[in-house]
Every structure is written in C-alpha cells, then in structure tokens.
$ cat data.txt   # compact mmCIF, C-alpha atoms
# COMPACT_ATOMS: atom_id res chain seq x y z
CA MET A 634 24.51 3.37 25.68
CA ALA A 635 21.63 0.99 25.00
CA GLN A 636 18.20 1.95 26.34
CA PRO A 637 16.72 -0.48 28.92
CA ILE A 638 13.74 -2.50 27.71
CA GLN A 639 10.64 -2.12 29.88
CA MET A 640 8.20 -5.03 30.08
CA THR A 641 5.04 -5.57 32.04
CA ASN A 642 4.79 -8.55 34.38
CA GLU A 643 2.46 -10.27 31.94
CA GLN A 644 4.86 -9.77 29.04
CA LEU A 645 7.72 -11.14 31.15
CA LYS A 646 5.69 -14.20 32.12
CA ALA A 647 4.75 -14.77 28.47
CA LEU A 648 8.37 -14.50 27.40
CA ILE A 649 9.51 -16.95 30.08
CA GLU A 650 6.79 -19.37 29.02
CA ALA A 651 7.83 -19.04 25.38
CA VAL A 652 11.48 -19.72 26.25
CA ARG A 653 10.47 -22.73 28.34
CA ILE A 654 8.46 -24.19 25.49
CA SER A 655 11.26 -23.58 22.99
CA ALA A 656 13.80 -25.20 25.32
CA ALA A 657 11.55 -28.20 25.83
CA GLY A 658 11.12 -28.56 22.09
CA ALA A 659 14.87 -28.41 21.47
CA ALA A 660 15.55 -31.02 24.14
CA ALA A 661 12.90 -33.36 22.77
CA ALA A 662 14.18 -32.94 19.23
CA ALA A 663 17.74 -33.77 20.35
CA GLY A 664 16.61 -36.86 22.25
CA GLY A 665 14.05 -37.99 19.72
CA ALA A 666 11.35 -38.04 22.37
CA GLU A 667 7.70 -37.78 21.45
CA ASN A 668 6.96 -34.92 23.82
CA PRO A 669 3.53 -33.43 23.04
CA ILE A 670 4.67 -30.01 24.26
CA ALA A 671 7.69 -30.08 21.99
CA THR A 672 5.99 -31.40 18.89
CA ALA A 673 2.77 -29.43 19.00
CA LYS A 674 3.47 -26.10 20.67
CA GLY A 675 5.11 -22.92 19.46
CA SER A 676 5.09 -19.33 20.64
CA PHE A 677 5.12 -15.68 19.55
CA SER A 678 8.60 -15.09 21.02
CA ALA A 679 10.18 -14.68 17.56
CA CYS A 680 7.23 -12.97 15.88
CA GLN A 681 8.18 -9.63 14.30
CA HIS A 682 4.63 -8.33 13.87
CA LYS A 683 3.84 -5.71 16.53
CA PHE A 684 0.90 -3.43 17.27
CA GLY A 685 0.98 -0.13 19.13
CA GLY A 686 -2.70 0.74 19.31
CA ALA A 687 -3.36 2.71 16.12
CA ARG A 688 -7.06 3.20 15.43
CA ASP A 689 -6.78 2.40 11.77
CA TYR A 690 -8.86 -0.26 10.05
CA ASP A 691 -6.21 -1.27 7.52
CA GLU A 692 -3.42 -1.46 10.09
CA VAL A 693 -5.52 -3.49 12.52
CA GLU A 694 -6.61 -5.96 9.86
CA GLU A 695 -3.04 -6.32 8.60
CA PHE A 696 -1.81 -7.05 12.13
CA ILE A 697 -4.53 -9.62 12.76
CA THR A 698 -3.94 -11.34 9.43
CA ASN A 699 -0.20 -11.51 10.10
CA ILE A 700 -0.43 -12.98 13.59
CA VAL A 701 -3.14 -15.47 12.63
CA THR A 702 -0.97 -16.68 9.75
CA TYR A 703 2.11 -16.80 12.01
CA LYS A 704 0.14 -18.79 14.60
CA GLU A 705 -0.86 -21.37 12.00
CA LEU A 706 2.61 -21.67 10.46
CA GLU A 707 4.30 -22.04 13.86
CA ASN A 708 1.65 -24.50 15.06
CA ILE A 709 0.88 -22.40 18.14
CA THR A 710 -2.02 -23.65 20.23
CA ASP A 711 -4.85 -21.29 21.13
CA GLU A 712 -3.78 -21.47 24.77
CA ASN A 713 -0.17 -20.48 24.09
CA ALA A 714 -1.22 -17.84 21.57
CA LEU A 715 -3.43 -16.21 24.18
CA LYS A 716 -0.63 -16.34 26.76
CA GLY A 717 1.94 -14.85 24.40
CA LEU A 718 -0.24 -12.22 22.73
CA SER A 719 1.05 -9.51 25.08
CA LEU A 720 4.51 -9.91 23.48
CA LEU A 721 3.10 -8.40 20.29
CA PHE A 722 1.77 -5.23 21.93
CA TYR A 723 3.60 -2.03 22.79
CA GLY A 724 2.63 1.48 23.86
CA LEU A 725 -1.08 2.12 24.16
CA ALA A 726 -1.96 -1.41 23.03
CA SER A 727 0.11 -2.92 25.84
CA ILE A 728 -1.62 -0.76 28.45
CA TRP A 729 -5.02 -1.55 26.95
CA TRP A 730 -4.35 -5.30 27.03
CA GLN A 731 -3.53 -5.23 30.73
CA GLY A 732 -7.01 -3.85 31.38
CA VAL A 733 -9.00 -6.24 29.17
CA ARG A 734 -6.93 -9.42 29.40
CA LYS A 735 -9.39 -11.11 31.76
CA GLU A 736 -12.20 -10.60 29.26
CA ALA A 737 -10.47 -12.82 26.70
CA ASN A 738 -11.10 -16.44 27.61
CA THR A 739 -10.19 -17.75 24.15
CA TRP A 740 -7.98 -16.79 21.21
CA ASN A 741 -11.03 -15.74 19.20
CA ASP A 742 -12.16 -13.55 22.12
CA ALA A 743 -8.81 -11.74 21.98
CA ILE A 744 -9.05 -11.13 18.23
CA GLY A 745 -12.59 -9.86 18.68
CA LEU A 746 -11.49 -7.44 21.42
CA ILE A 747 -8.72 -6.01 19.23
CA ARG A 748 -11.19 -5.33 16.43
CA GLU A 749 -13.86 -4.00 18.76
CA HIS A 750 -11.58 -1.46 20.44
CA PHE A 751 -9.19 -0.36 17.69
CA SER A 752 -11.25 -0.98 14.58
CA PRO A 753 -14.95 -1.02 15.47
CA THR A 754 -17.34 -1.86 12.68
CA LYS A 755 -18.42 1.27 10.86
CA PRO A 756 -22.12 1.77 10.21
CA ALA A 757 -23.00 1.26 6.56
CA TYR A 758 -23.93 4.90 5.99
CA GLN A 759 -20.45 6.00 7.12
CA VAL A 760 -18.78 3.54 4.74
CA TYR A 761 -20.87 4.90 1.86
CA MET A 762 -20.01 8.48 2.81
CA GLU A 763 -16.29 7.70 2.70
CA PHE A 764 -16.71 5.73 -0.52
CA PHE A 765 -18.39 8.57 -2.43
CA GLN A 766 -16.38 11.34 -0.80
CA THR A 767 -13.55 11.32 -3.35
CA LYS A 768 -13.39 10.76 -7.09
CA GLN A 769 -10.37 9.57 -9.00
CA GLU A 770 -7.91 12.37 -9.69
CA ASP A 771 -6.08 12.62 -12.99
CA HIS A 772 -2.82 11.44 -11.41
CA ASP A 773 -4.32 8.47 -9.51
CA PRO A 774 -3.40 5.08 -11.06
CA ILE A 775 -6.48 2.96 -11.58
CA ASP A 776 -5.01 0.05 -9.56
CA THR A 777 -4.50 2.22 -6.47
CA PHE A 778 -7.91 3.84 -6.74
CA VAL A 779 -9.78 0.56 -7.14
CA VAL A 780 -7.88 -1.11 -4.28
CA HIS A 781 -8.82 1.65 -1.83
CA LYS A 782 -12.48 1.71 -2.89
CA ARG A 783 -12.82 -2.06 -2.67
CA ALA A 784 -11.25 -2.00 0.80
CA LEU A 785 -14.02 0.35 1.89
CA LEU A 786 -16.73 -1.85 0.40
CA ALA A 787 -15.24 -4.82 2.25
CA GLN A 788 -16.23 -3.12 5.52
CA LEU A 789 -19.91 -3.48 4.67
CA PRO A 790 -21.88 -6.45 6.00
CA ASN A 791 -21.21 -9.67 4.11
CA GLY A 792 -23.37 -10.14 1.05
CA ARG A 793 -24.48 -6.51 0.88
CA HIS A 794 -23.51 -6.13 -2.80
CA ASP A 795 -22.48 -8.45 -5.60
CA GLU A 796 -19.55 -7.56 -7.87
CA GLU A 797 -21.77 -6.09 -10.57
CA THR A 798 -23.35 -3.65 -8.12
CA GLU A 799 -19.94 -2.70 -6.70
CA LEU A 800 -18.79 -1.93 -10.26
CA ASP A 801 -21.85 0.29 -10.72
CA LEU A 802 -20.99 2.19 -7.54
CA LEU A 803 -17.35 2.61 -8.54
CA TYR A 804 -17.73 3.41 -12.23
CA GLY A 805 -19.11 6.90 -11.74
CA LEU A 806 -16.11 7.82 -9.57
CA LEU A 807 -13.58 7.00 -12.29
CA ASN A 808 -11.71 9.82 -13.99
CA ILE A 809 -13.21 10.88 -17.31
CA LYS A 810 -10.11 9.73 -19.23
CA TYR A 811 -11.08 6.15 -18.35
CA ARG A 812 -14.82 6.49 -18.79
CA LYS A 813 -14.32 7.92 -22.29
CA HIS A 814 -12.76 4.65 -23.41
CA ILE A 815 -14.33 2.06 -21.08
CA ALA A 816 -18.07 1.59 -21.45
CA ARG A 817 -19.76 0.32 -18.31
CA THR A 818 -21.29 -2.53 -20.30
CA SER A 819 -17.83 -3.67 -21.46
CA VAL A 820 -16.65 -4.72 -17.98
CA GLN A 821 -18.21 -7.54 -16.01
CA THR A 822 -15.57 -7.89 -13.29
CA PHE A 823 -12.98 -5.75 -11.55
CA LYS A 824 -10.35 -7.74 -13.40
CA ASP A 825 -11.82 -6.53 -16.72
CA LEU A 826 -11.84 -2.94 -15.47
CA LEU A 827 -8.23 -3.04 -14.33
CA GLU A 828 -6.99 -4.66 -17.53
CA GLN A 829 -8.65 -2.02 -19.72
CA GLY A 830 -7.56 0.77 -17.40
CA ARG A 831 -3.91 -0.33 -17.58
CA VAL A 832 -4.05 -0.29 -21.38
CA ILE A 833 -5.34 3.30 -21.29
CA GLU A 834 -2.57 4.32 -18.88
CA HIS A 835 0.05 2.70 -21.10
CA ASN A 836 -1.27 4.45 -24.20
CA ASN A 837 -1.45 7.79 -22.40
CA GLN A 838 2.14 7.40 -21.26
CA GLU A 839 3.24 6.69 -24.83
CA ASP A 840 1.41 9.81 -26.03
CA THR A 841 3.10 11.89 -23.33
CA ASP A 842 6.54 10.53 -24.17
CA LEU A 843 5.97 11.19 -27.88
CA ALA A 844 4.79 14.73 -27.25
CA ASN A 845 7.79 15.44 -25.04
CA SER A 846 10.10 14.05 -27.70
CA LYS A 847 8.54 16.28 -30.36
CA ASN A 848 8.85 19.32 -28.12
CA VAL A 849 12.54 18.64 -27.61
CA ARG A 850 13.16 18.22 -31.34
CA GLY A 851 11.07 21.30 -32.08
CA SER A 852 13.02 23.40 -29.62
CA ARG A 853 16.23 22.33 -31.29
CA ARG A 854 14.90 23.27 -34.73
CA THR A 855 13.84 26.72 -33.57
CA THR A 856 17.25 27.52 -32.09
CA ARG A 857 18.80 30.29 -34.20
CA CYS A 858 22.45 31.35 -34.28
CA THR A 859 22.89 35.08 -33.73
CA TYR A 860 26.08 35.09 -35.83
CA CYS A 861 25.03 33.44 -39.09
CA ASN A 862 21.26 33.60 -38.53
CA PHE A 863 20.82 29.91 -39.38
CA ARG A 864 18.73 27.57 -37.24
CA GLY A 865 19.90 24.42 -35.50
CA HIS A 866 22.86 25.74 -33.52
CA THR A 867 23.90 28.58 -31.26
CA TYR A 868 26.43 31.40 -31.41
CA GLU A 869 28.89 29.45 -29.23
CA ASN A 870 29.11 26.41 -31.57
CA CYS A 871 28.69 28.21 -34.92
CA ARG A 872 31.10 26.68 -37.46
CA LYS A 873 31.14 29.81 -39.65
CA ARG A 874 32.17 31.89 -36.67
CA ALA A 875 34.88 29.38 -35.76
CA GLN A 876 36.11 29.36 -39.36
CA LYS A 877 36.19 33.16 -39.44
CA ARG A 878 38.21 33.30 -36.26
CA GLN A 879 40.67 30.76 -37.59
CA GLU A 880 41.14 32.78 -40.77
CA GLU A 881 41.78 35.92 -38.74
CA ASN A 882 44.32 34.13 -36.62
CA ASN A 883 46.13 32.86 -39.73
CA GLU A 884 46.32 36.35 -41.17
CA GLU A 885 47.96 37.61 -38.01

$ encode --input "data.txt" --output "structure tokens"
Amino acid sequence: MAQPIQMTNEQLKALIEAVRISAAGAAAAAGGAENPIATAKGSFSACQHKFGGARDYDEVEEFITNIVTYKELENITDENALKGLSLLFYGLASIWWQGVRKEANTWNDAIGLIREHFSPTKPAYQVYMEFFQTKQEDHDPIDTFVVHKRALLAQLPNGRHDEETELDLLYGLLNIKYRKHIARTSVQTFKDLLEQGRVIEHNNQEDTDLANSKNVRGSRRTTRCTYCNFRGHTYENCRKRAQKRQEENNEE
C-alpha cells in the first residue's frame, strides 16, 4: 500500500501555481498565442534536486548550484522561483522554510538564507585548521586529495591566496612518494601537479604489477614435487609418478 504524501499548505499552493503555469503554457503553445506567462515562465514542479536540511558545506553548495542552473535552463522568473522553492525542501529544511519564508523578499534573499543557516561561512582560522589537519595517506589518489584541499581553500574570502601560494600550502601535505619525484619548483599550477602525480601513480602501479607477477612466477619455480624431488610441479601432477602407476597397472 502506497504511503500518503504529506505537504504543507505553502508547498500545495506552490504546486498548484506550478501546474497552472504549465497548463497556461501548454494552451498558449497549442493556440500559438503570445502569452507572456506561457513564453517566459517556468516552475520547479519537475525539478529532481531536493534538500533535507543537512548542515554540510558541499551538499548545500551542490544543491544551490543545481537549482540555480535549473532555474536558468527552465527560464523561471525570480518571482516564480521564490514561490516554488518550498517544493524542493523536505524534512527539517521544509520546517525551517516555513519559519523564515517571510524574510526572503527576493530569490537572492532565499539563497542567502539557505547558506546562512545550513552552511554559514567558516572563519578563516577554522578553514586553515581543517586544511592542515590531515596529510595525504599512501592510498589516497592525488586527484582526490587535491580536490578536497582546494574545496577547503575555496571557503576562504575571495582573493585571499593566489594559485602559487595555495600550491605552497598544499605541497607539504603531499605523501613523500610524490614529493620525492616532484620538486616544488617544477609545478606552477595545480594542473602541472596533477599531471606529474598521475604519472607517478601509473609508474607505481606498473612496478606493483611487475612485482606481483615475479612473485607468482617465483612461487611456481620453488614448488617441489615430493615424489621425484624436482621443482615446477606437485605430487598430484607428477608425470613420473603417473608413469610408474601405469607401469604397475600393466604388470597386473
């Protein structure tokens, strides 16, 4: 049995408004009318991007980026976007929006409120603490490590560091297997760092595969048959033993 869907009054009003606009657009398109509502307005009724109120910087920024892009692609006006924003919330976020909705007079106000409540700007010292808290482990790919560190630096005030300074901050956190082969003076951009790091990872993987292959071949060479005492096979598949058994059978 399907579970009933619960909606707040505001979400229901937004959904009705979205359906009305969509219906008006379809009617105008069928009749060829130049209806400003039909030609210029969209809604969030079909948007699949939802937010439940997680206090996570990356998740909040991803949600905002997605709905801003959706709004632009669907040609949704600021007014309709603000009306339909409640359709994208669920759980804690939906309850929160009911309490602060009157504070958002514009679309930009709403985006600012989301950031302010669920992803408030971290003070610079806290960003630096998180940045230097962990170094790259031996199993961390360089792409993943650099992406996470740059995401932290992006939370600093605009213009705080240029790319060269960010590289200086990051370089000392790299695993020694990269720093042994990549001199700080040899990279001028993050692109340079990633390209050289990928080459090192590729070479290390080849070395590992080669070593594993040698170990397998070596283990085969050291296998000794307990019947004939020769290496390279076992008692079960010894040809001398098989031949001996066949000769015994023939004699019988």

$ atom_distance --input "data.txt" --atom1 "atom CA of Gly675 of chain A" --atom2 "atom CA of Asn708 of chain A"
5.8 Å

$ residues_around --input "data.txt" --residues "Gly805 of chain A" --least-positions-apart "5" --cutoff "10 Å" --atoms "all atoms listed in the file" --output "VMD selection string"
chain A and resid 765 768 to 769 800 812 817

$ residues_around --input "data.txt" --residues "Gly830 of chain A" --least-positions-apart "6" --cutoff "12 Å" --atoms "all atoms listed in the file" --output "ChimeraX atom specification"
/A:773-779,804,807-816,819-820,823-824,836-837

$ atom_distance --input "data.txt" --atom1 "atom CA of Arg783 of chain A" --atom2 "atom CA of Pro753 of chain A"
18.3 Å

$ residues_around --input "data.txt" --residues "Trp740 of chain A" --least-positions-apart "4" --cutoff "12 Å" --atoms "all atoms listed in the file" --output "mmCIF file with C-alpha atoms, in the frame of the given file"
data_model
loop_
_atom_site.group_PDB
_atom_site.id
_atom_site.type_symbol
_atom_site.label_atom_id
_atom_site.label_comp_id
_atom_site.auth_asym_id
_atom_site.auth_seq_id
_atom_site.Cartn_x
_atom_site.Cartn_y
_atom_site.Cartn_z
ATOM 1 C CA ILE A 697 -4.530 -9.620 12.760
ATOM 2 C CA ILE A 700 -0.430 -12.980 13.590
ATOM 3 C CA VAL A 701 -3.140 -15.470 12.630
ATOM 4 C CA LYS A 704 0.140 -18.790 14.600
ATOM 5 C CA ILE A 709 0.880 -22.400 18.140
ATOM 6 C CA THR A 710 -2.020 -23.650 20.230
ATOM 7 C CA ASP A 711 -4.850 -21.290 21.130
ATOM 8 C CA GLU A 712 -3.780 -21.470 24.770
ATOM 9 C CA ASN A 713 -0.170 -20.480 24.090
ATOM 10 C CA ALA A 714 -1.220 -17.840 21.570
ATOM 11 C CA LEU A 715 -3.430 -16.210 24.180
ATOM 12 C CA LYS A 716 -0.630 -16.340 26.760
ATOM 13 C CA GLY A 717 1.940 -14.850 24.400
ATOM 14 C CA LEU A 718 -0.240 -12.220 22.730
ATOM 15 C CA ARG A 734 -6.930 -9.420 29.400
ATOM 16 C CA GLU A 736 -12.200 -10.600 29.260
ATOM 17 C CA ILE A 744 -9.050 -11.130 18.230
ATOM 18 C CA GLY A 745 -12.590 -9.860 18.680
ATOM 19 C CA LEU A 746 -11.490 -7.440 21.420
ATOM 20 C CA ILE A 747 -8.720 -6.010 19.230
#

$ residues_around --input "data.txt" --residues "Glu797 of chain A" --least-positions-apart "5" --cutoff "9 Å" --atoms "all atoms listed in the file" --output "PyMOL selection string"
chain A and resi 802+821-823

$ atom_distance --input "data.txt" --atom1 "atom CA of Gln876 of chain A" --atom2 "atom CA of Cys861 of chain A"
11.8 Å

$ axis_aligned_box --input "data.txt" --around "segment 861-873 of chain A" --padding-each-side "6 Å" --output "JSON"
{"center_x": 24.9, "center_y": 29.0, "center_z": -34.4, "size_x": 24.4, "size_y": 21.2, "size_z": 22.4}

$ closest_residue --input "data.txt" --among "A:Phe751, A:His794, A:Thr702, A:Lys735" --to "Ala687 of chain A" --atoms "all atoms listed in the file"
A:Phe751

$ closest_residue --input "data.txt" --among "A:Ser678, A:Thr754, A:Gln759, A:Thr739" --to "Leu720 of chain A" --atoms "all atoms listed in the file"
A:Ser678

$ closest_residue --input "data.txt" --among "A:Gln879, A:Gln788, A:Thr798, A:Thr698" --to "Ala757 of chain A" --atoms "all atoms listed in the file"
A:Gln788

$ closest_residue --input "data.txt" --among "A:Ile833, A:Lys873, A:Glu770, A:Phe764" --to "Leu803 of chain A" --atoms "all atoms listed in the file"
A:Phe764

$ closest_residue --input "data.txt" --among "A:Glu884, A:Pro790, A:Gly724, A:Ala737" --to "Tyr758 of chain A" --atoms "all atoms listed in the file"
A:Pro790

$ decode --input "data.txt" --residues "segment 731-747 of chain A" --atoms "N, CA, C and O atoms" --output "PDB file, in the first residue's frame"
ATOM      1  N   GLN A 731       9.279  27.243   6.454  1.00  0.00           N
ATOM      2  CA  GLN A 731       8.010  27.816   6.905  1.00  0.00           C
ATOM      3  C   GLN A 731       8.244  28.963   7.888  1.00  0.00           C
ATOM      4  O   GLN A 731       7.484  29.934   7.912  1.00  0.00           O
ATOM      5  N   GLY A 732       9.313  28.849   8.680  1.00  0.00           N
ATOM      6  CA  GLY A 732       9.586  29.868   9.687  1.00  0.00           C
ATOM      7  C   GLY A 732      10.284  31.104   9.157  1.00  0.00           C
ATOM      8  O   GLY A 732      10.153  32.178   9.740  1.00  0.00           O
ATOM      9  N   VAL A 733      11.035  30.961   8.057  1.00  0.00           N
ATOM     10  CA  VAL A 733      11.837  32.096   7.560  1.00  0.00           C
ATOM     11  C   VAL A 733      11.338  32.631   6.226  1.00  0.00           C
ATOM     12  O   VAL A 733      11.921  33.578   5.696  1.00  0.00           O
ATOM     13  N   ARG A 734      10.277  32.026   5.693  1.00  0.00           N
ATOM     14  CA  ARG A 734       9.813  32.408   4.353  1.00  0.00           C
ATOM     15  C   ARG A 734       9.570  33.907   4.218  1.00  0.00           C
ATOM     16  O   ARG A 734       9.918  34.508   3.188  1.00  0.00           O
ATOM     17  N   LYS A 735       9.021  34.540   5.240  1.00  0.00           N
ATOM     18  CA  LYS A 735       8.704  35.964   5.151  1.00  0.00           C
ATOM     19  C   LYS A 735       9.946  36.841   5.113  1.00  0.00           C
ATOM     20  O   LYS A 735       9.861  38.016   4.746  1.00  0.00           O
ATOM     21  N   GLU A 736      11.092  36.283   5.505  1.00  0.00           N
ATOM     22  CA  GLU A 736      12.328  37.061   5.474  1.00  0.00           C
ATOM     23  C   GLU A 736      12.920  37.153   4.074  1.00  0.00           C
ATOM     24  O   GLU A 736      13.801  37.969   3.824  1.00  0.00           O
ATOM     25  N   ALA A 737      12.465  36.285   3.184  1.00  0.00           N
ATOM     26  CA  ALA A 737      13.006  36.247   1.818  1.00  0.00           C
ATOM     27  C   ALA A 737      12.091  37.030   0.892  1.00  0.00           C
ATOM     28  O   ALA A 737      11.041  36.537   0.460  1.00  0.00           O
ATOM     29  N   ASN A 738      12.489  38.253   0.579  1.00  0.00           N
ATOM     30  CA  ASN A 738      11.689  39.076  -0.321  1.00  0.00           C
ATOM     31  C   ASN A 738      12.084  38.880  -1.787  1.00  0.00           C
ATOM     32  O   ASN A 738      11.315  39.211  -2.689  1.00  0.00           O
ATOM     33  N   THR A 739      13.287  38.337  -2.006  1.00  0.00           N
ATOM     34  CA  THR A 739      13.761  38.099  -3.369  1.00  0.00           C
ATOM     35  C   THR A 739      14.384  36.711  -3.450  1.00  0.00           C
ATOM     36  O   THR A 739      14.635  36.056  -2.434  1.00  0.00           O
ATOM     37  N   TRP A 740      14.642  36.276  -4.685  1.00  0.00           N
ATOM     38  CA  TRP A 740      15.298  34.982  -4.904  1.00  0.00           C
ATOM     39  C   TRP A 740      16.684  34.955  -4.264  1.00  0.00           C
ATOM     40  O   TRP A 740      17.063  33.982  -3.613  1.00  0.00           O
ATOM     41  N   ASN A 741      17.424  36.029  -4.411  1.00  0.00           N
ATOM     42  CA  ASN A 741      18.768  36.096  -3.826  1.00  0.00           C
ATOM     43  C   ASN A 741      18.708  36.058  -2.296  1.00  0.00           C
ATOM     44  O   ASN A 741      19.611  35.513  -1.643  1.00  0.00           O
ATOM     45  N   ASP A 742      17.654  36.657  -1.724  1.00  0.00           N
ATOM     46  CA  ASP A 742      17.474  36.583  -0.269  1.00  0.00           C
ATOM     47  C   ASP A 742      17.334  35.124   0.165  1.00  0.00           C
ATOM     48  O   ASP A 742      17.909  34.705   1.180  1.00  0.00           O
ATOM     49  N   ALA A 743      16.561  34.346  -0.595  1.00  0.00           N
ATOM     50  CA  ALA A 743      16.322  32.944  -0.256  1.00  0.00           C
ATOM     51  C   ALA A 743      17.624  32.146  -0.316  1.00  0.00           C
ATOM     52  O   ALA A 743      17.914  31.347   0.589  1.00  0.00           O
ATOM     53  N   ILE A 744      18.408  32.356  -1.363  1.00  0.00           N
ATOM     54  CA  ILE A 744      19.691  31.647  -1.485  1.00  0.00           C
ATOM     55  C   ILE A 744      20.605  32.017  -0.323  1.00  0.00           C
ATOM     56  O   ILE A 744      21.291  31.169   0.259  1.00  0.00           O
ATOM     57  N   GLY A 745      20.603  33.299   0.025  1.00  0.00           N
ATOM     58  CA  GLY A 745      21.431  33.753   1.141  1.00  0.00           C
ATOM     59  C   GLY A 745      21.007  33.127   2.461  1.00  0.00           C
ATOM     60  O   GLY A 745      21.860  32.764   3.289  1.00  0.00           O
ATOM     61  N   LEU A 746      19.702  32.959   2.674  1.00  0.00           N
ATOM     62  CA  LEU A 746      19.206  32.355   3.903  1.00  0.00           C
ATOM     63  C   LEU A 746      19.602  30.884   4.004  1.00  0.00           C
ATOM     64  O   LEU A 746      19.944  30.392   5.086  1.00  0.00           O
ATOM     65  N   ILE A 747      19.556  30.183   2.869  1.00  0.00           N
ATOM     66  CA  ILE A 747      19.956  28.765   2.865  1.00  0.00           C
ATOM     67  C   ILE A 747      21.410  28.639   3.289  1.00  0.00           C
ATOM     68  O   ILE A 747      21.767  27.805   4.133  1.00  0.00           O
TER      69      ILE A 747
END
